[in-house]
Amino acid sequence: MKKQLFSTILMLGLSIGLVAQNYEFGKVSKAELEETKCPIDDGASASVLYKFQNTYLVTNSGNTQLVTEIYERIKIYGNEGLEHASKSIPLYKTKTSEEKVSRVKAATYNLEGGKVVTSELNKSDIFKTDMSYNFNQVSFTLPNVKDGSVIEFSYKISSPFIWNIDEFRFQYTIPIMKMNAELRTPKGYRFKQTFKGYQNVYPNTYTKLDNRIGMEVVVNEYQAENMPALEEEQYVDNLENYCSGVIFELVSVDLPGFSRSYAQTWKDVAQFIGSSTDYKNELDKSRSFDDELDVLLADAATPMEKTKRIFKYVKDNITWNGYDGKYFYNGLKKTLKEKKGNAADINLLLVAMLRYAGINANPVVISTKDNLIPIFPTINRMNYVVAYAEVDEKPIFMDATDEFSDLNVLPVKDYNWKGILIDNPKQVWRQINLLSPGTSRNMYSVDLELNSDGSAEGTFNSRYDRHSALKFRTAYAATDEEAYITEKESMYHNIEISDYEVTNASGYEGTVSEKFSFYDEEAADIVDTDLYIQPLLFLGTEENPFKSEKREYPVDFGFPFKDVYMMKLKLPEGYQVKSCPKSQVFGLPDKLGLFKYNVIPRENQVDVIVNFEIKNASIASIYYPYLKEFFNQIITKESEKLVLSKI
């Protein structure tokens, strides 16, 4: 549902017998403090020595709560592990109910002069923050944490959302040495368990009487030891998708005199969201904007022109407040008045305006990449809404929260599996495929004049479209131009850039381009009297982003792309080509990627043409060895030198 709790859990107030004998809070041994490296991972910056979680129902005065009690002990092995001294606890909330955390307890242990010294967390260092419409956050940072410290913390979460059981997580980005977790659910309530990740932990299941609720419960106990770290890699949509754990879904209740199925289809989910006031009534209220749209659309001749004008109007007039959401934060009227809102405020307003203009428009509810992939039909795992329209019999997806998004060019975070279409007017509620991001085509052109001392000057031109243009515009807008140029100079081997110009960076439609002049003091190496130069200069690939021997999860490039590089290298006077790299073509299996490399020597010039293409936004892990080798071959080929000698 709502959040993924990093946990391990001890029940505050439980008898020591329920907690592993050697892991009572406050009983940290010298052996733990003297440990200098993780026994199962020499390179780990920290490890979880023990984690325990207990989740159960408790009834008090007729009020039933879902309780989760957490305990975790962590060993720090180096400065990189200090980040684990900070803990954030997400707490789900609605307009009427919210989760609460209590009994927060934490301490740091260090070995000083052969003695264990304890530093306890002060209550004043525990902070509660309103993070978004659906989440509060309680956070704290443990004191006096350093290389060699052991830290531990425990807390209790009480939730009124009694059937929304959080995912049990069995894996972190650091190793877990020992883990115990337990879930108790009333007998007769059947929960489907969906296991995720690549290190499965299966439960020991039995029934027993639970006096806290006065009925028999089904107990699921999970135990694991020496759980390896989840490796952080480049090009991952969301690492949490591949973390080992188990997700719980209430599918039925079967009690004496009562039986009901709660299993949902995606149609059920869409219909439930569509039945809310936000979707059922609000989208047809146009009085807040009808006068403005009448003027805006007065001379719009076609449905596409109307769609573009309304999309631009919303983007120009309403600012995203940074909050996701599938339901209104403000509502249409307040959003228009304050000119700010969450994702639902903005994109549902866009739907409402398109409908007013006679466009067949509807909401599509999704789960963004930072919110995980919904493994089964669920309302709570959907966190965002985009606008969908059919214009001239063509599907158009829109997200007006992003300054640089365009029609069918959504922010990359939106391309996460599928969405659910909510078409209340036609009573259509179903799962829908989002259009794929489409290939971004990028062009790089360099005219270079090489000097006999190895220096070079030249001009650079580039052009980006679709998601590459969105990416460029976002980066360019995030800093001032001087800082942007300085960063580019550093990225391009410390060249000196002058006469920098960028075109259409402030818009969102069409391509964006840049050009500049440059001077490279060390473009070529001099060996005796010969000049050695890499034909692609500073545009070559130098490091393979794929370093691990194997990979268990997909490679997510965000969007497919095709890069074309065209170099014209003018030779110094009195020089000729002595040797040059051979042209070569190689690719990935199943036409997933292609690399074409051509070096063409001429009388006083060398032309270089390179095509580099990744044809799928996401590449399955079975192709990882080929992808890694593909990049190795690119690096090897681009590192080959063009050799020039005196005539």
# chains A, B, ... in the order shown; residues from 1 in each chain; ligands from 1

$ residues_around --residues "Phe135 in chain A" --least-positions-apart "6" --cutoff "10 Å" --atoms "only C-alpha atoms" --output "ChimeraX atom specification"
/A:2-3,89-94,98-99,129

$ residues_around --residues "Asn241 in chain A" --least-positions-apart "2" --cutoff "7 Å" --atoms "only C-alpha atoms" --output "JSON, numbers by chain"
{"A": [238, 239, 243, 372, 373]}

$ write_last_selection --atoms "N, CA, C and O atoms" --output "PDB file, in the first residue's frame"
ATOM      1  N   ASN A 238      13.437   1.310 -10.247  1.00  0.00           N
ATOM      2  CA  ASN A 238      13.280   1.487  -8.807  1.00  0.00           C
ATOM      3  C   ASN A 238      13.784   0.219  -8.145  1.00  0.00           C
ATOM      4  O   ASN A 238      13.201  -0.855  -8.313  1.00  0.00           O
ATOM      5  N   LEU A 239      14.854   0.333  -7.399  1.00  0.00           N
ATOM      6  CA  LEU A 239      15.486  -0.837  -6.783  1.00  0.00           C
ATOM      7  C   LEU A 239      14.523  -1.587  -5.872  1.00  0.00           C
ATOM      8  O   LEU A 239      14.628  -2.806  -5.704  1.00  0.00           O
ATOM      9  N   CYS A 243      13.634  -5.841  -4.462  1.00  0.00           N
ATOM     10  CA  CYS A 243      13.981  -6.204  -3.093  1.00  0.00           C
ATOM     11  C   CYS A 243      13.162  -7.416  -2.661  1.00  0.00           C
ATOM     12  O   CYS A 243      11.946  -7.472  -2.864  1.00  0.00           O
ATOM     13  N   LEU A 372       6.859   2.100  -7.140  1.00  0.00           N
ATOM     14  CA  LEU A 372       6.879   0.664  -7.388  1.00  0.00           C
ATOM     15  C   LEU A 372       5.849   0.223  -8.430  1.00  0.00           C
ATOM     16  O   LEU A 372       4.917   0.941  -8.771  1.00  0.00           O
ATOM     17  N   ILE A 373       6.028  -0.999  -8.893  1.00  0.00           N
ATOM     18  CA  ILE A 373       5.102  -1.626  -9.832  1.00  0.00           C
ATOM     19  C   ILE A 373       4.009  -2.328  -9.038  1.00  0.00           C
ATOM     20  O   ILE A 373       4.305  -3.122  -8.143  1.00  0.00           O
TER      21      ILE A 373
END

$ closest_residue --among "A:Lys339, A:Lys641, A:Arg287, A:Lys87" --to "Ser579 in chain A" --atoms "only C-alpha atoms"
A:Lys641

$ closest_residue --among "A:Arg260, A:Arg355, A:Lys340, A:Lys550" --to "Lys306 in chain A" --atoms "only C-alpha atoms"
A:Arg355

$ select_by_dssp --residues "range 315-451 of chain A" --states "strand (DSSP E or B)" --output "ChimeraX atom specification"
/A:319-320,340-341,360-366,384-391,394-398,406,409,418-423,428-433,440-450

$ atom_distance --atom1 "CA of Tyr206 in chain A" --atom2 "CA of Leu49 in chain A"
27.2 Å

$ closest_residue --among "A:Ser452, A:Asn180, A:Ser244, A:Asn362" --to "Ile432 in chain A" --atoms "only C-alpha atoms"
A:Asn362

$ residues_around --residues "range 157-160 of chain A" --least-positions-apart "3" --cutoff "7 Å" --atoms "only C-alpha atoms" --output "list in words"
Gln65, Leu66, Val67, Thr68, Glu69, Ser97, Glu98, Glu99, Lys100, Val101 and Ser102 of chain A

$ select_by_dssp --residues "range 166-303 of chain A" --states "alpha helix (DSSP H)" --output "PyMOL selection string"
chain A and resi 266-274+277-280+290-296+303

$ write_last_selection --atoms "N, CA, C and O atoms" --output "PDB file, in the first residue's frame"
ATOM      1  N   TRP A 266      -8.568  -5.309 -12.140  1.00  0.00           N
ATOM      2  CA  TRP A 266      -8.241  -3.920 -12.446  1.00  0.00           C
ATOM      3  C   TRP A 266      -9.495  -3.130 -12.788  1.00  0.00           C
ATOM      4  O   TRP A 266      -9.558  -1.919 -12.538  1.00  0.00           O
ATOM      5  N   LYS A 267     -10.515  -3.806 -13.305  1.00  0.00           N
ATOM      6  CA  LYS A 267     -11.778  -3.111 -13.552  1.00  0.00           C
ATOM      7  C   LYS A 267     -12.397  -2.668 -12.227  1.00  0.00           C
ATOM      8  O   LYS A 267     -12.925  -1.553 -12.116  1.00  0.00           O
ATOM      9  N   ASP A 268     -12.328  -3.548 -11.203  1.00  0.00           N
ATOM     10  CA  ASP A 268     -12.850  -3.178  -9.886  1.00  0.00           C
ATOM     11  C   ASP A 268     -12.134  -1.946  -9.335  1.00  0.00           C
ATOM     12  O   ASP A 268     -12.757  -1.035  -8.784  1.00  0.00           O
ATOM     13  N   VAL A 269     -10.811  -1.942  -9.477  1.00  0.00           N
ATOM     14  CA  VAL A 269     -10.017  -0.818  -8.979  1.00  0.00           C
ATOM     15  C   VAL A 269     -10.414   0.471  -9.698  1.00  0.00           C
ATOM     16  O   VAL A 269     -10.644   1.514  -9.075  1.00  0.00           O
ATOM     17  N   ALA A 270     -10.491   0.405 -11.026  1.00  0.00           N
ATOM     18  CA  ALA A 270     -10.858   1.582 -11.810  1.00  0.00           C
ATOM     19  C   ALA A 270     -12.257   2.070 -11.452  1.00  0.00           C
ATOM     20  O   ALA A 270     -12.495   3.282 -11.328  1.00  0.00           O
ATOM     21  N   GLN A 271     -13.182   1.144 -11.285  1.00  0.00           N
ATOM     22  CA  GLN A 271     -14.566   1.511 -10.983  1.00  0.00           C
ATOM     23  C   GLN A 271     -14.666   2.138  -9.590  1.00  0.00           C
ATOM     24  O   GLN A 271     -15.425   3.088  -9.378  1.00  0.00           O
ATOM     25  N   PHE A 272     -13.881   1.617  -8.637  1.00  0.00           N
ATOM     26  CA  PHE A 272     -13.904   2.174  -7.279  1.00  0.00           C
ATOM     27  C   PHE A 272     -13.381   3.610  -7.279  1.00  0.00           C
ATOM     28  O   PHE A 272     -13.994   4.508  -6.690  1.00  0.00           O
ATOM     29  N   ILE A 273     -12.246   3.833  -7.941  1.00  0.00           N
ATOM     30  CA  ILE A 273     -11.699   5.197  -8.000  1.00  0.00           C
ATOM     31  C   ILE A 273     -12.664   6.110  -8.751  1.00  0.00           C
ATOM     32  O   ILE A 273     -12.905   7.255  -8.362  1.00  0.00           O
ATOM     33  N   GLY A 274     -13.249   5.582  -9.838  1.00  0.00           N
ATOM     34  CA  GLY A 274     -14.190   6.369 -10.623  1.00  0.00           C
ATOM     35  C   GLY A 274     -15.454   6.741  -9.872  1.00  0.00           C
ATOM     36  O   GLY A 274     -16.133   7.706 -10.231  1.00  0.00           O
ATOM     37  N   THR A 277     -16.050  11.117  -5.481  1.00  0.00           N
ATOM     38  CA  THR A 277     -16.583  12.425  -5.857  1.00  0.00           C
ATOM     39  C   THR A 277     -15.665  13.142  -6.834  1.00  0.00           C
ATOM     40  O   THR A 277     -16.119  13.814  -7.769  1.00  0.00           O
ATOM     41  N   ASP A 278     -14.347  12.995  -6.637  1.00  0.00           N
ATOM     42  CA  ASP A 278     -13.376  13.683  -7.499  1.00  0.00           C
ATOM     43  C   ASP A 278     -13.580  13.329  -8.963  1.00  0.00           C
ATOM     44  O   ASP A 278     -13.453  14.184  -9.846  1.00  0.00           O
ATOM     45  N   TYR A 279     -13.890  12.069  -9.229  1.00  0.00           N
ATOM     46  CA  TYR A 279     -14.007  11.602 -10.612  1.00  0.00           C
ATOM     47  C   TYR A 279     -15.459  11.597 -11.097  1.00  0.00           C
ATOM     48  O   TYR A 279     -15.709  11.752 -12.286  1.00  0.00           O
ATOM     49  N   LYS A 280     -16.385  11.424 -10.179  1.00  0.00           N
ATOM     50  CA  LYS A 280     -17.784  11.255 -10.578  1.00  0.00           C
ATOM     51  C   LYS A 280     -18.486  12.584 -10.825  1.00  0.00           C
ATOM     52  O   LYS A 280     -19.321  12.699 -11.735  1.00  0.00           O
ATOM     53  N   ASP A 290     -15.056  28.350 -17.631  1.00  0.00           N
ATOM     54  CA  ASP A 290     -15.691  28.387 -18.947  1.00  0.00           C
ATOM     55  C   ASP A 290     -15.438  29.692 -19.701  1.00  0.00           C
ATOM     56  O   ASP A 290     -15.178  29.683 -20.914  1.00  0.00           O
ATOM     57  N   ASP A 291     -15.485  30.830 -18.999  1.00  0.00           N
ATOM     58  CA  ASP A 291     -15.283  32.105 -19.687  1.00  0.00           C
ATOM     59  C   ASP A 291     -13.879  32.197 -20.282  1.00  0.00           C
ATOM     60  O   ASP A 291     -13.700  32.653 -21.426  1.00  0.00           O
ATOM     61  N   GLU A 292     -12.888  31.778 -19.499  1.00  0.00           N
ATOM     62  CA  GLU A 292     -11.503  31.852 -19.980  1.00  0.00           C
ATOM     63  C   GLU A 292     -11.287  30.933 -21.178  1.00  0.00           C
ATOM     64  O   GLU A 292     -10.608  31.298 -22.146  1.00  0.00           O
ATOM     65  N   LEU A 293     -11.859  29.730 -21.127  1.00  0.00           N
ATOM     66  CA  LEU A 293     -11.666  28.800 -22.238  1.00  0.00           C
ATOM     67  C   LEU A 293     -12.398  29.263 -23.491  1.00  0.00           C
ATOM     68  O   LEU A 293     -11.919  29.041 -24.608  1.00  0.00           O
ATOM     69  N   ASP A 294     -13.536  29.903 -23.323  1.00  0.00           N
ATOM     70  CA  ASP A 294     -14.263  30.406 -24.499  1.00  0.00           C
ATOM     71  C   ASP A 294     -13.398  31.385 -25.282  1.00  0.00           C
ATOM     72  O   ASP A 294     -13.364  31.361 -26.518  1.00  0.00           O
ATOM     73  N   VAL A 295     -12.684  32.237 -24.571  1.00  0.00           N
ATOM     74  CA  VAL A 295     -11.787  33.200 -25.231  1.00  0.00           C
ATOM     75  C   VAL A 295     -10.589  32.465 -25.828  1.00  0.00           C
ATOM     76  O   VAL A 295     -10.190  32.717 -26.968  1.00  0.00           O
ATOM     77  N   LEU A 296     -10.021  31.542 -25.059  1.00  0.00           N
ATOM     78  CA  LEU A 296      -8.826  30.819 -25.494  1.00  0.00           C
ATOM     79  C   LEU A 296      -9.077  30.022 -26.768  1.00  0.00           C
ATOM     80  O   LEU A 296      -8.217  29.931 -27.651  1.00  0.00           O
ATOM     81  N   PRO A 303      -9.734  19.889 -33.358  1.00  0.00           N
ATOM     82  CA  PRO A 303      -9.594  19.291 -32.017  1.00  0.00           C
ATOM     83  C   PRO A 303      -8.147  19.278 -31.527  1.00  0.00           C
ATOM     84  O   PRO A 303      -7.898  19.496 -30.340  1.00  0.00           O
TER      85      PRO A 303
END

$ closest_residue --among "A:Ile70, A:Glu167, A:Met177, A:Glu496" --to "Tyr155 in chain A" --atoms "only C-alpha atoms"
A:Ile70
